[in-house]
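Listing of query_17.pdb, PDB, C-alpha atoms, pLDDT in the B column
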```pdb
ATOM      1  CA  MET A   1      55.966  93.331 148.294  1.00 80.00           C
ATOM      2  CA  SER A   2      58.278  96.207 149.096  1.00 90.00           C
ATOM      3  CA  LEU A   3      58.175  98.885 151.789  1.00 91.00           C
ATOM      4  CA  VAL A   4      60.172 102.120 151.528  1.00 93.00           C
ATOM      5  CA  THR A   5      60.139 104.556 154.451  1.00 93.00           C
ATOM      6  CA  TRP A   6      61.461 108.098 154.758  1.00 94.00           C
ATOM      7  CA  ASP A   7      61.361 110.993 157.158  1.00 93.00           C
ATOM      8  CA  TYR A   8      59.956 114.366 156.190  1.00 95.00           C
ATOM      9  CA  ASP A   9      59.904 117.238 158.650  1.00 95.00           C
ATOM     10  CA  GLY A  10      59.933 114.890 161.645  1.00 92.00           C
ATOM     11  CA  ASP A  11      57.162 112.597 160.370  1.00 93.00           C
ATOM     12  CA  LEU A  12      57.690 109.130 158.938  1.00 94.00           C
ATOM     13  CA  TYR A  13      56.035 108.165 155.626  1.00 96.00           C
ATOM     14  CA  CYS A  14      56.052 104.943 153.649  1.00 95.00           C
ATOM     15  CA  ALA A  15      55.414 103.661 150.160  1.00 96.00           C
ATOM     16  CA  LEU A  16      54.182 100.093 149.952  1.00 94.00           C
ATOM     17  CA  SER A  17      54.293  98.371 146.570  1.00 94.00           C
ATOM     18  CA  THR A  18      52.653  95.061 145.762  1.00 93.00           C
ATOM     19  CA  GLU A  19      52.427  93.161 142.492  1.00 89.00           C
ATOM     20  CA  THR A  20      49.785  90.553 141.745  1.00 88.00           C
ATOM     21  CA  GLY A  21      49.408  88.225 138.817  1.00 81.00           C
ATOM     22  CA  ALA A  22      51.953  87.552 136.095  1.00 75.00           C
ATOM     23  CA  GLY A  23      52.455  88.408 132.456  1.00 73.00           C
ATOM     24  CA  ASP A  24      49.364  89.908 130.830  1.00 74.00           C
ATOM     25  CA  GLY A  25      47.444  89.845 134.109  1.00 78.00           C
ATOM     26  CA  ARG A  26      50.037  91.674 136.200  1.00 84.00           C
ATOM     27  CA  ILE A  27      48.782  94.550 138.350  1.00 90.00           C
ATOM     28  CA  SER A  28      51.030  96.786 140.463  1.00 92.00           C
ATOM     29  CA  TYR A  29      49.687  98.626 143.506  1.00 95.00           C
ATOM     30  CA  PHE A  30      51.489 101.522 145.156  1.00 96.00           C
ATOM     31  CA  GLU A  31      50.229 102.977 148.424  1.00 96.00           C
ATOM     32  CA  LEU A  32      51.404 106.100 150.260  1.00 96.00           C
ATOM     33  CA  SER A  33      50.715 106.508 153.961  1.00 96.00           C
ATOM     34  CA  GLU A  34      52.099 107.861 157.163  1.00 93.00           C
ATOM     35  CA  ALA A  35      54.097 105.157 158.893  1.00 91.00           C
ATOM     36  CA  ARG A  36      53.586 103.966 162.419  1.00 87.00           C
ATOM     37  CA  MET A  37      56.128 102.173 164.538  1.00 81.00           C
ATOM     38  CA  LEU A  38      55.285  98.649 165.651  1.00 80.00           C
ATOM     39  CA  PRO A  39      56.991  97.304 168.760  1.00 78.00           C
ATOM     40  CA  GLY A  40      59.450  94.514 168.167  1.00 73.00           C
ATOM     41  CA  GLY A  41      58.091  92.267 170.919  1.00 72.00           C
ATOM     42  CA  ALA A  42      61.308  90.978 172.444  1.00 72.00           C
ATOM     43  CA  PRO A  43      63.791  93.476 173.919  1.00 72.00           C
ATOM     44  CA  SER A  44      66.409  92.400 171.360  1.00 71.00           C
ATOM     45  CA  VAL A  45      64.053  93.125 168.417  1.00 71.00           C
ATOM     46  CA  PRO A  46      63.814  96.844 167.547  1.00 76.00           C
ATOM     47  CA  ALA A  47      60.565  98.559 166.638  1.00 77.00           C
ATOM     48  CA  SER A  48      59.884  98.643 162.893  1.00 83.00           C
ATOM     49  CA  PRO A  49      57.801 100.908 160.639  1.00 84.00           C
ATOM     50  CA  ALA A  50      54.513  99.732 159.174  1.00 85.00           C
ATOM     51  CA  PRO A  51      52.026 101.455 156.865  1.00 90.00           C
ATOM     52  CA  GLY A  52      49.162 103.409 158.366  1.00 88.00           C
ATOM     53  CA  PRO A  53      45.887 104.207 156.603  1.00 91.00           C
ATOM     54  CA  THR A  54      46.490 104.707 152.879  1.00 93.00           C
ATOM     55  CA  ALA A  55      46.316 108.325 151.683  1.00 95.00           C
ATOM     56  CA  VAL A  56      47.126 107.726 147.986  1.00 95.00           C
ATOM     57  CA  THR A  57      46.776 104.558 145.908  1.00 95.00           C
ATOM     58  CA  VAL A  58      48.161 104.039 142.398  1.00 95.00           C
ATOM     59  CA  VAL A  59      47.090 101.006 140.344  1.00 95.00           C
ATOM     60  CA  VAL A  60      49.094 100.152 137.211  1.00 92.00           C
ATOM     61  CA  TYR A  61      48.104  97.369 134.830  1.00 89.00           C
ATOM     62  CA  ALA A  62      50.419  95.333 132.602  1.00 82.00           C
ATOM     63  CA  PRO A  63      50.978  97.071 129.236  1.00 78.00           C
ATOM     64  CA  GLU A  64      49.157  94.229 127.463  1.00 76.00           C
ATOM     65  CA  GLU A  65      45.955  95.144 129.329  1.00 74.00           C
ATOM     66  CA  GLN A  66      45.881  98.546 127.614  1.00 79.00           C
ATOM     67  CA  LYS A  67      44.256 100.102 130.681  1.00 85.00           C
ATOM     68  CA  SER A  68      45.331 103.471 131.989  1.00 87.00           C
ATOM     69  CA  PRO A  69      46.844 103.663 135.471  1.00 88.00           C
ATOM     70  CA  MET A  70      44.453 104.905 138.163  1.00 93.00           C
ATOM     71  CA  VAL A  71      45.101 107.111 141.167  1.00 94.00           C
ATOM     72  CA  SER A  72      42.807 107.559 144.144  1.00 94.00           C
ATOM     73  CA  PHE A  73      43.167 109.878 147.118  1.00 94.00           C
ATOM     74  CA  ASP A  74      41.686 109.541 150.592  1.00 93.00           C
ATOM     75  CA  GLU A  75      39.760 112.774 150.958  1.00 89.00           C
ATOM     76  CA  ALA A  76      40.090 112.693 154.758  1.00 90.00           C
ATOM     77  CA  GLN A  77      43.909 112.854 154.813  1.00 90.00           C
ATOM     78  CA  THR A  78      46.333 115.600 153.871  1.00 91.00           C
ATOM     79  CA  LEU A  79      50.006 115.269 152.971  1.00 93.00           C
ATOM     80  CA  PRO A  80      52.811 117.750 152.405  1.00 95.00           C
ATOM     81  CA  PHE A  81      53.362 118.241 148.664  1.00 96.00           C
ATOM     82  CA  ALA A  82      57.037 117.243 149.034  1.00 96.00           C
ATOM     83  CA  VAL A  83      55.919 113.838 150.379  1.00 96.00           C
ATOM     84  CA  LEU A  84      53.661 113.336 147.347  1.00 96.00           C
ATOM     85  CA  GLN A  85      56.536 114.319 145.029  1.00 96.00           C
ATOM     86  CA  HIS A  86      58.830 111.773 146.703  1.00 96.00           C
ATOM     87  CA  PHE A  87      56.141 109.078 146.343  1.00 96.00           C
ATOM     88  CA  VAL A  88      55.677 109.888 142.640  1.00 96.00           C
ATOM     89  CA  ALA A  89      59.452 109.570 142.136  1.00 96.00           C
ATOM     90  CA  ILE A  90      59.414 106.142 143.838  1.00 95.00           C
ATOM     91  CA  VAL A  91      56.516 104.937 141.662  1.00 94.00           C
ATOM     92  CA  ALA A  92      58.148 106.275 138.471  1.00 93.00           C
ATOM     93  CA  SER A  93      61.433 104.576 139.352  1.00 92.00           C
ATOM     94  CA  ARG A  94      59.748 101.222 140.007  1.00 89.00           C
ATOM     95  CA  LEU A  95      57.744 101.411 136.775  1.00 87.00           C
ATOM     96  CA  GLU A  96      60.827 102.393 134.787  1.00 84.00           C
ATOM     97  CA  SER A  97      62.791  99.450 136.187  1.00 77.00           C
ATOM     98  CA  THR A  98      60.021  97.028 135.153  1.00 69.00           C
ATOM     99  CA  GLY A  99      59.615  98.502 131.683  1.00 65.00           C
ATOM    100  CA  VAL A 100      56.056  99.735 132.195  1.00 62.00           C
TER     101      VAL A 100
END
```
Could the structure of this file be written out as structure tokens, please?
Amino acid sequence: MSLVTWDYDGDLYCALSTETGAGDGRISYFELSEARMLPGGAPSVPASPAPGPTAVTVVVYAPEEQKSPMVSFDEAQTLPFAVLQHFVAIVASRLESTGV
């Protein structure tokens, strides 16, 4: 599991990626959402970003599955186009590094 956060126009966004299975059964999930800050609890522990409700989900299957990737959008949320472009670049980079 990996979480990448970035700021755009004063708002914080995040891309969460998760991989399940192995080999032929591997599935990669990528989720884009606005981030929310979670308190650290103790005064010495800083607040940290966490994903909010998912606005865009990308599901990519292992090449052996011969299934096309799927994308779904939450129709109740809107995002700046530049945020979507940044997310697409993150997904493309991750897929390229894994050879998918």
Target residues per the PyMOL selection byres ((chain A and resi 58-61) around 6), formatted as number ranges by chain: A: 27-30, 57, 62, 69-71
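Omitting range 11-21 of chain A and its sequence neighbours fewer than 6 positions away, and counting only C-alpha atoms, the residues within 7 Å are Met1, Ser2, Leu3, Val4, Thr5, Ile27, Ser28, Tyr29, Phe30, Glu31, Leu32, Ser33, Glu34, Ala35, Pro51 and Phe87 of chain A.
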Quick one: apply the PyMOL selection byres ((chain A and resi 63) around 12) to the file and drop the selected residues here as a CSV table (one decimal) with C-alpha atoms, keeping the file's coordinate frame.
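Written out: expr_33.csv:
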```
chain,number,residue,atom,x,y,z
A,22,ALA,CA,52.0,87.6,136.1
A,23,GLY,CA,52.5,88.4,132.5
A,24,ASP,CA,49.4,89.9,130.8
A,25,GLY,CA,47.4,89.8,134.1
A,26,ARG,CA,50.0,91.7,136.2
A,27,ILE,CA,48.8,94.6,138.4
A,28,SER,CA,51.0,96.8,140.5
A,60,VAL,CA,49.1,100.2,137.2
A,61,TYR,CA,48.1,97.4,134.8
A,62,ALA,CA,50.4,95.3,132.6
A,64,GLU,CA,49.2,94.2,127.5
A,65,GLU,CA,46.0,95.1,129.3
A,66,GLN,CA,45.9,98.5,127.6
A,67,LYS,CA,44.3,100.1,130.7
A,68,SER,CA,45.3,103.5,132.0
A,69,PRO,CA,46.8,103.7,135.5
A,95,LEU,CA,57.7,101.4,136.8
A,98,THR,CA,60.0,97.0,135.2
A,99,GLY,CA,59.6,98.5,131.7
A,100,VAL,CA,56.1,99.7,132.2
```
Would you mind reading off the distance between CA of Ser97 in chain A and CA of Tyr8 in chain A, one decimal, in Å? 25.1 Å
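Counting from CA of Asp74 in chain A, the distance to CA of Val88 in chain A is 16.1 Å.
What the PyMOL selection byres ((chain A and resi 75) around 12) matches in the given file is Pro53, Thr54, Ala55, Val56, Thr57, Ser72, Phe73, Asp74, Ala76, Gln77, Thr78 and Leu79 of chain A.
For the pair CA of Asp7 in chain A and CA of Ser48 in chain A, the interatomic distance is 13.7 Å.
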Work out where the centre of an axis-aligned box around every listed atom of range 29-46 of chain A lies and how long its edges are once 4 Å is added on each side; give both in Å to one decimal as AutoDock Vina command-line options.
```
--center_x 58.0 --center_y 99.4 --center_z 158.7 --size_x 24.7 --size_y 24.9 --size_z 38.4
```
May I ask which of the residues A:Phe81, A:His86, A:Trp6, A:Val91 is the closest one to Pro49 in chain A, counting all atoms listed in the file? A:Trp6
Have range 24-43 of chain A completed to N, CA, C and O atoms, please, and pass it along as a PDB file, in the frame of the given file.
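Final output, result-v1.pdb:
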```pdb
ATOM      1  N   ASP A  24      50.437  89.011 131.261  1.00 74.00           N
ATOM      2  CA  ASP A  24      49.364  89.908 130.830  1.00 74.00           C
ATOM      3  C   ASP A  24      48.436  90.332 131.963  1.00 74.00           C
ATOM      4  O   ASP A  24      47.795  91.370 131.881  1.00 74.00           O
ATOM      5  N   GLY A  25      48.359  89.543 133.006  1.00 78.00           N
ATOM      6  CA  GLY A  25      47.444  89.845 134.109  1.00 78.00           C
ATOM      7  C   GLY A  25      48.089  90.548 135.285  1.00 78.00           C
ATOM      8  O   GLY A  25      47.495  90.650 136.356  1.00 78.00           O
ATOM      9  N   ARG A  26      49.303  91.034 135.096  1.00 84.00           N
ATOM     10  CA  ARG A  26      50.037  91.674 136.200  1.00 84.00           C
ATOM     11  C   ARG A  26      49.416  93.024 136.554  1.00 84.00           C
ATOM     12  O   ARG A  26      49.077  93.820 135.697  1.00 84.00           O
ATOM     13  N   ILE A  27      49.259  93.269 137.846  1.00 90.00           N
ATOM     14  CA  ILE A  27      48.782  94.550 138.350  1.00 90.00           C
ATOM     15  C   ILE A  27      49.712  94.976 139.472  1.00 90.00           C
ATOM     16  O   ILE A  27      50.023  94.191 140.372  1.00 90.00           O
ATOM     17  N   SER A  28      50.171  96.234 139.418  1.00 92.00           N
ATOM     18  CA  SER A  28      51.030  96.786 140.463  1.00 92.00           C
ATOM     19  C   SER A  28      50.240  97.799 141.269  1.00 92.00           C
ATOM     20  O   SER A  28      49.549  98.642 140.708  1.00 92.00           O
ATOM     21  N   TYR A  29      50.344  97.697 142.592  1.00 95.00           N
ATOM     22  CA  TYR A  29      49.687  98.626 143.506  1.00 95.00           C
ATOM     23  C   TYR A  29      50.756  99.382 144.274  1.00 95.00           C
ATOM     24  O   TYR A  29      51.715  98.781 144.764  1.00 95.00           O
ATOM     25  N   PHE A  30      50.589 100.683 144.382  1.00 96.00           N
ATOM     26  CA  PHE A  30      51.489 101.522 145.156  1.00 96.00           C
ATOM     27  C   PHE A  30      50.634 102.315 146.139  1.00 96.00           C
ATOM     28  O   PHE A  30      49.637 102.922 145.732  1.00 96.00           O
ATOM     29  N   GLU A  31      51.002 102.290 147.409  1.00 96.00           N
ATOM     30  CA  GLU A  31      50.229 102.977 148.424  1.00 96.00           C
ATOM     31  C   GLU A  31      51.132 103.895 149.238  1.00 96.00           C
ATOM     32  O   GLU A  31      52.211 103.487 149.663  1.00 96.00           O
ATOM     33  N   LEU A  32      50.686 105.110 149.452  1.00 96.00           N
ATOM     34  CA  LEU A  32      51.404 106.100 150.260  1.00 96.00           C
ATOM     35  C   LEU A  32      50.637 106.304 151.548  1.00 96.00           C
ATOM     36  O   LEU A  32      49.410 106.491 151.530  1.00 96.00           O
ATOM     37  N   SER A  33      51.350 106.271 152.666  1.00 96.00           N
ATOM     38  CA  SER A  33      50.715 106.508 153.961  1.00 96.00           C
ATOM     39  C   SER A  33      51.738 107.035 154.956  1.00 96.00           C
ATOM     40  O   SER A  33      52.946 106.960 154.731  1.00 96.00           O
ATOM     41  N   GLU A  34      51.219 107.563 156.042  1.00 93.00           N
ATOM     42  CA  GLU A  34      52.099 107.861 157.163  1.00 93.00           C
ATOM     43  C   GLU A  34      52.458 106.513 157.772  1.00 93.00           C
ATOM     44  O   GLU A  34      51.655 105.579 157.754  1.00 93.00           O
ATOM     45  N   ALA A  35      53.657 106.412 158.282  1.00 91.00           N
ATOM     46  CA  ALA A  35      54.097 105.157 158.893  1.00 91.00           C
ATOM     47  C   ALA A  35      53.863 105.215 160.391  1.00 91.00           C
ATOM     48  O   ALA A  35      53.848 106.284 160.992  1.00 91.00           O
ATOM     49  N   ARG A  36      53.677 104.074 160.964  1.00 87.00           N
ATOM     50  CA  ARG A  36      53.586 103.966 162.419  1.00 87.00           C
ATOM     51  C   ARG A  36      54.609 102.928 162.858  1.00 87.00           C
ATOM     52  O   ARG A  36      54.929 102.006 162.112  1.00 87.00           O
ATOM     53  N   MET A  37      55.121 103.102 164.034  1.00 81.00           N
ATOM     54  CA  MET A  37      56.128 102.173 164.538  1.00 81.00           C
ATOM     55  C   MET A  37      55.451 101.047 165.317  1.00 81.00           C
ATOM     56  O   MET A  37      54.615 101.297 166.182  1.00 81.00           O
ATOM     57  N   LEU A  38      55.796  99.823 164.950  1.00 80.00           N
ATOM     58  CA  LEU A  38      55.285  98.649 165.651  1.00 80.00           C
ATOM     59  C   LEU A  38      56.354  98.137 166.597  1.00 80.00           C
ATOM     60  O   LEU A  38      57.523  98.026 166.208  1.00 80.00           O
ATOM     61  N   PRO A  39      55.988  97.824 167.827  1.00 78.00           N
ATOM     62  CA  PRO A  39      56.991  97.304 168.760  1.00 78.00           C
ATOM     63  C   PRO A  39      57.536  95.976 168.268  1.00 78.00           C
ATOM     64  O   PRO A  39      56.846  95.214 167.590  1.00 78.00           O
ATOM     65  N   GLY A  40      58.794  95.733 168.617  1.00 73.00           N
ATOM     66  CA  GLY A  40      59.450  94.514 168.167  1.00 73.00           C
ATOM     67  C   GLY A  40      59.069  93.278 168.946  1.00 73.00           C
ATOM     68  O   GLY A  40      59.329  92.177 168.528  1.00 73.00           O
ATOM     69  N   GLY A  41      58.474  93.433 170.107  1.00 72.00           N
ATOM     70  CA  GLY A  41      58.091  92.267 170.919  1.00 72.00           C
ATOM     71  C   GLY A  41      59.159  91.961 171.943  1.00 72.00           C
ATOM     72  O   GLY A  41      59.053  92.347 173.095  1.00 72.00           O
ATOM     73  N   ALA A  42      60.205  91.310 171.529  1.00 72.00           N
ATOM     74  CA  ALA A  42      61.308  90.978 172.444  1.00 72.00           C
ATOM     75  C   ALA A  42      62.228  92.187 172.575  1.00 72.00           C
ATOM     76  O   ALA A  42      62.362  92.978 171.642  1.00 72.00           O
ATOM     77  N   PRO A  43      62.897  92.331 173.738  1.00 72.00           N
ATOM     78  CA  PRO A  43      63.791  93.476 173.919  1.00 72.00           C
ATOM     79  C   PRO A  43      64.917  93.548 172.887  1.00 72.00           C
ATOM     80  O   PRO A  43      65.391  94.627 172.556  1.00 72.00           O
TER      81      PRO A  43
END
```
